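Q: If it helps, the file is called work-v7.cif and holds mmCIF, C-alpha atoms, pLDDT in the B column; chains and numbers go by the auth columns:
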```
data_structure
loop_
_atom_site.group_PDB
_atom_site.id
_atom_site.type_symbol
_atom_site.label_atom_id
_atom_site.label_comp_id
_atom_site.label_asym_id
_atom_site.label_seq_id
_atom_site.Cartn_x
_atom_site.Cartn_y
_atom_site.Cartn_z
_atom_site.B_iso_or_equiv
_atom_site.auth_seq_id
_atom_site.auth_asym_id
ATOM 1 C CA VAL A 1 1.356 -11.887 9.520 44.00 1 A
ATOM 2 C CA GLY A 2 -2.362 -11.279 9.651 47.00 2 A
ATOM 3 C CA ILE A 3 -4.665 -11.825 6.703 44.00 3 A
ATOM 4 C CA GLN A 4 -8.030 -10.197 6.309 46.00 4 A
ATOM 5 C CA SER A 5 -10.062 -10.640 3.162 43.00 5 A
ATOM 6 C CA THR A 6 -13.209 -8.826 2.192 44.00 6 A
ATOM 7 C CA GLY A 7 -15.033 -9.945 -0.929 45.00 7 A
ATOM 8 C CA ILE A 8 -12.326 -12.407 -1.980 45.00 8 A
ATOM 9 C CA THR A 9 -11.889 -16.030 -1.008 46.00 9 A
ATOM 10 C CA ALA A 10 -9.269 -17.206 1.481 45.00 10 A
ATOM 11 C CA GLU A 11 -7.580 -19.040 -1.396 46.00 11 A
ATOM 12 C CA GLN A 12 -7.279 -15.816 -3.412 49.00 12 A
ATOM 13 C CA ALA A 13 -5.909 -13.969 -0.354 49.00 13 A
ATOM 14 C CA SER A 14 -3.309 -16.676 0.226 56.00 14 A
ATOM 15 C CA GLN A 15 -2.086 -16.446 -3.382 71.00 15 A
ATOM 16 C CA TRP A 16 -0.137 -13.275 -2.634 82.00 16 A
ATOM 17 C CA ALA A 17 2.656 -12.728 -0.152 91.00 17 A
ATOM 18 C CA ILE A 18 4.612 -9.870 1.368 94.00 18 A
ATOM 19 C CA TYR A 19 8.213 -10.147 2.517 97.00 19 A
ATOM 20 C CA PRO A 20 10.438 -9.628 4.349 97.00 20 A
ATOM 21 C CA ASN A 21 8.357 -9.160 7.461 97.00 21 A
ATOM 22 C CA PRO A 22 9.551 -7.280 9.430 97.00 22 A
ATOM 23 C CA VAL A 23 10.930 -5.004 6.695 98.00 23 A
ATOM 24 C CA GLU A 24 13.650 -2.348 6.802 97.00 24 A
ATOM 25 C CA ASP A 25 14.091 -0.860 3.308 97.00 25 A
ATOM 26 C CA GLU A 26 11.944 -2.531 0.623 97.00 26 A
ATOM 27 C CA LEU A 27 8.721 -4.492 0.894 97.00 27 A
ATOM 28 C CA THR A 28 8.164 -7.094 -1.810 95.00 28 A
ATOM 29 C CA ILE A 29 4.578 -7.850 -2.785 92.00 29 A
ATOM 30 C CA ASP A 30 4.413 -11.086 -4.753 89.00 30 A
ATOM 31 C CA ARG A 31 1.071 -11.747 -6.381 79.00 31 A
ATOM 32 C CA GLY A 32 2.062 -15.129 -7.799 70.00 32 A
ATOM 33 C CA GLY A 33 2.416 -14.114 -11.438 62.00 33 A
ATOM 34 C CA ASN A 34 -0.971 -12.380 -11.597 61.00 34 A
ATOM 35 C CA GLY A 35 -0.589 -9.679 -14.276 70.00 35 A
ATOM 36 C CA GLU A 36 -3.777 -7.839 -13.314 76.00 36 A
ATOM 37 C CA ASN A 37 -3.223 -4.154 -12.437 84.00 37 A
ATOM 38 C CA LEU A 38 -4.513 -3.657 -8.873 87.00 38 A
ATOM 39 C CA PRO A 39 -4.564 -0.604 -6.591 92.00 39 A
ATOM 40 C CA PHE A 40 -2.860 -0.811 -3.199 93.00 40 A
ATOM 41 C CA GLU A 41 -2.679 1.340 -0.074 95.00 41 A
ATOM 42 C CA ILE A 42 -0.391 1.193 2.941 97.00 42 A
ATOM 43 C CA MET A 43 -1.937 2.608 6.112 97.00 43 A
ATOM 44 C CA ASP A 44 -0.359 3.486 9.441 97.00 44 A
ATOM 45 C CA PRO A 45 -1.917 2.507 12.805 94.00 45 A
ATOM 46 C CA MET A 46 -4.022 5.693 12.760 95.00 46 A
ATOM 47 C CA GLY A 47 -5.596 4.711 9.422 96.00 47 A
ATOM 48 C CA ARG A 48 -3.739 7.363 7.409 97.00 48 A
ATOM 49 C CA VAL A 49 -2.710 6.343 3.901 97.00 49 A
ATOM 50 C CA VAL A 50 1.090 6.664 3.776 97.00 50 A
ATOM 51 C CA ARG A 51 1.655 5.089 0.357 96.00 51 A
ATOM 52 C CA LYS A 52 -0.569 4.131 -2.565 95.00 52 A
ATOM 53 C CA GLY A 53 -0.183 3.035 -6.137 93.00 53 A
ATOM 54 C CA ASN A 54 -0.844 0.144 -8.482 91.00 54 A
ATOM 55 C CA LEU A 55 0.601 -3.369 -8.548 87.00 55 A
ATOM 56 C CA ILE A 56 1.267 -5.535 -11.567 83.00 56 A
ATOM 57 C CA GLY A 57 2.613 -8.971 -10.676 81.00 57 A
ATOM 58 C CA ARG A 58 5.563 -8.726 -8.276 86.00 58 A
ATOM 59 C CA ALA A 59 6.311 -5.238 -6.921 91.00 59 A
ATOM 60 C CA ILE A 60 8.985 -3.755 -4.668 94.00 60 A
ATOM 61 C CA ILE A 61 7.822 -0.833 -2.548 95.00 61 A
ATOM 62 C CA PRO A 62 10.401 1.399 -0.824 96.00 62 A
ATOM 63 C CA VAL A 63 9.507 1.888 2.850 96.00 63 A
ATOM 64 C CA THR A 64 12.723 3.431 4.200 96.00 64 A
ATOM 65 C CA ASP A 65 10.924 6.678 5.032 96.00 65 A
ATOM 66 C CA LEU A 66 8.209 4.993 7.136 97.00 66 A
ATOM 67 C CA ALA A 67 8.500 5.208 10.917 97.00 67 A
ATOM 68 C CA PRO A 68 8.993 1.918 12.791 97.00 68 A
ATOM 69 C CA GLY A 69 5.713 0.199 13.632 97.00 69 A
ATOM 70 C CA MET A 70 2.872 -1.870 12.244 97.00 70 A
ATOM 71 C CA TYR A 71 1.229 -1.106 8.895 98.00 71 A
ATOM 72 C CA LEU A 72 -1.722 -2.443 6.937 97.00 72 A
ATOM 73 C CA LEU A 73 -1.355 -3.209 3.237 96.00 73 A
ATOM 74 C CA GLN A 74 -4.655 -3.339 1.331 94.00 74 A
ATOM 75 C CA VAL A 75 -4.850 -4.600 -2.234 90.00 75 A
ATOM 76 C CA GLY A 76 -8.020 -4.202 -4.292 84.00 76 A
ATOM 77 C CA THR A 77 -9.347 -6.674 -6.805 68.00 77 A
ATOM 78 C CA GLY A 78 -12.405 -6.742 -9.015 67.00 78 A
ATOM 79 C CA ARG A 79 -13.865 -9.095 -6.412 72.00 79 A
ATOM 80 C CA GLY A 80 -13.069 -7.093 -3.261 77.00 80 A
ATOM 81 C CA ARG A 81 -10.064 -6.214 -1.117 81.00 81 A
ATOM 82 C CA GLY A 82 -7.413 -8.247 0.655 88.00 82 A
ATOM 83 C CA ALA A 83 -5.257 -6.994 3.507 92.00 83 A
ATOM 84 C CA LYS A 84 -2.054 -8.048 5.242 95.00 84 A
ATOM 85 C CA VAL A 85 -0.195 -6.561 8.179 96.00 85 A
ATOM 86 C CA PHE A 86 3.535 -5.951 8.177 97.00 86 A
ATOM 87 C CA GLU A 87 6.049 -4.485 10.605 98.00 87 A
ATOM 88 C CA LYS A 88 8.565 -1.782 9.718 97.00 88 A
ATOM 89 C CA ASP A 89 11.814 -2.004 11.761 95.00 89 A
#
```
Hey, can you dump this file as structure tokens for me?
A:
Amino acid sequence: VGIQSTGITAEQASQWAIYPNPVEDELTIDRGGNGENLPFEIMDPMGRVVRKGNLIGRAIIPVTDLAPGMYLLQVGTGRGRGAKVFEKD
């Protein structure tokens, strides 16, 4: 799992997790009890946004319709954006 953070500290980026990875049906995004409403985007390898929405705390995102491959999950905060890579089986 790769972590890239822009405008947030490494500690803030490490306070959220995605699992399972690789994923088949549902991707869980666990923000460690943070109740802040944050926008997210899932992008395919070509940079196209294939899913977007808002997260509050722990969220389960259906990914059954995504093609197998690598994806980038970006989550925005008031202090910047964090990103993690996941694989869809």
Q: Can you tell me, as a PDB file with C-alpha atoms, in the frame of the given file, what residues are no more than 12 Å from Arg48 in chain A when counting only C-alpha atoms, ignoring any on the same chain fewer than 5 positions away?
A:
```
ATOM      1  CA  GLU A  41      -2.679   1.340  -0.074  1.00 95.00           C
ATOM      2  CA  ILE A  42      -0.391   1.193   2.941  1.00 97.00           C
ATOM      3  CA  MET A  43      -1.937   2.608   6.112  1.00 97.00           C
ATOM      4  CA  TYR A  71       1.229  -1.106   8.895  1.00 98.00           C
ATOM      5  CA  LEU A  72      -1.722  -2.443   6.937  1.00 97.00           C
ATOM      6  CA  LEU A  73      -1.355  -3.209   3.237  1.00 96.00           C
TER       7      LEU A  73
END
```
Q: Listed atoms of range 17-20 of chain A, axis-aligned box, 3 Å per side: centre and edge lengths to one decimal in Å, as lines of an AutoDock Vina configuration file?
A:
```
center_x = 6.5
center_y = -11.2
center_z = 2.1
size_x = 13.8
size_y = 9.1
size_z = 10.5
```
Q: For Leu38 in chain A, which residue out of A:Pro68, A:Pro20, A:Gly57, A:Gly76 is the nearest one, using only C-alpha atoms?
A: A:Gly76
Q: Report as a PyMOL selection string all protein, DNA and RNA residues lying within 7 Å of Trp16 in chain A, evaluated on only C-alpha atoms, omitting residues in the same chain fewer than 6 positions from it.
A: chain A and resi 30-32
Q: Spell out the residues picked by the PyMOL selection byres ((chain A and resi 61) around 12) here, as a CSV table (one decimal) with C-alpha atoms, in the frame of the given file.
A:
```csv
chain,number,residue,atom,x,y,z
A,18,ILE,CA,4.6,-9.9,1.4
A,19,TYR,CA,8.2,-10.1,2.5
A,20,PRO,CA,10.4,-9.6,4.3
A,23,VAL,CA,10.9,-5.0,6.7
A,24,GLU,CA,13.6,-2.3,6.8
A,25,ASP,CA,14.1,-0.9,3.3
A,26,GLU,CA,11.9,-2.5,0.6
A,27,LEU,CA,8.7,-4.5,0.9
A,28,THR,CA,8.2,-7.1,-1.8
A,29,ILE,CA,4.6,-7.8,-2.8
A,30,ASP,CA,4.4,-11.1,-4.8
A,40,PHE,CA,-2.9,-0.8,-3.2
A,41,GLU,CA,-2.7,1.3,-0.1
A,42,ILE,CA,-0.4,1.2,2.9
A,50,VAL,CA,1.1,6.7,3.8
A,51,ARG,CA,1.7,5.1,0.4
A,52,LYS,CA,-0.6,4.1,-2.6
A,53,GLY,CA,-0.2,3.0,-6.1
A,54,ASN,CA,-0.8,0.1,-8.5
A,55,LEU,CA,0.6,-3.4,-8.5
A,58,ARG,CA,5.6,-8.7,-8.3
A,59,ALA,CA,6.3,-5.2,-6.9
A,60,ILE,CA,9.0,-3.8,-4.7
A,62,PRO,CA,10.4,1.4,-0.8
A,63,VAL,CA,9.5,1.9,2.8
A,64,THR,CA,12.7,3.4,4.2
A,65,ASP,CA,10.9,6.7,5.0
A,66,LEU,CA,8.2,5.0,7.1
A,73,LEU,CA,-1.4,-3.2,3.2
```
Q: I'd like the interatomic distance between CA of Gly47 in chain A and CA of Asp89 in chain A, to a tenth of an Å.
A: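 For CA of Gly47 in chain A relative to CA of Asp89 in chain A, the distance reads 18.8 Å.
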Q: Could you please determine the separation between CA of Gly69 in chain A and CA of Ile56 in chain A in Å, to one decimal place?
A: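 Going from CA of Gly69 in chain A over to CA of Ile56 in chain A, I get 26.2 Å.
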Q: How far is it from CA of Lys84 in chain A to CA of Gln15 in chain A, in Å with one decimal?
A: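 Between CA of Lys84 in chain A and CA of Gln15 in chain A the gap works out to 12.0 Å.
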Q: Here is a test: counting all atoms listed in the file, which residue of A:Gly80, A:Pro22, A:Gln74, A:Ala17 is nearest to Val49 in chain A?
A: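 Once distances to Val49 in chain A are computed over all atoms listed in the file, the minimum belongs to A:Gln74.
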Q: Which one of A:Phe86, A:Val75, A:Gly35, A:Ala67 sits closest to Asn21 in chain A if you count only C-alpha atoms?
A: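 Among the listed residues, A:Phe86 lies closest to Asn21 in chain A.
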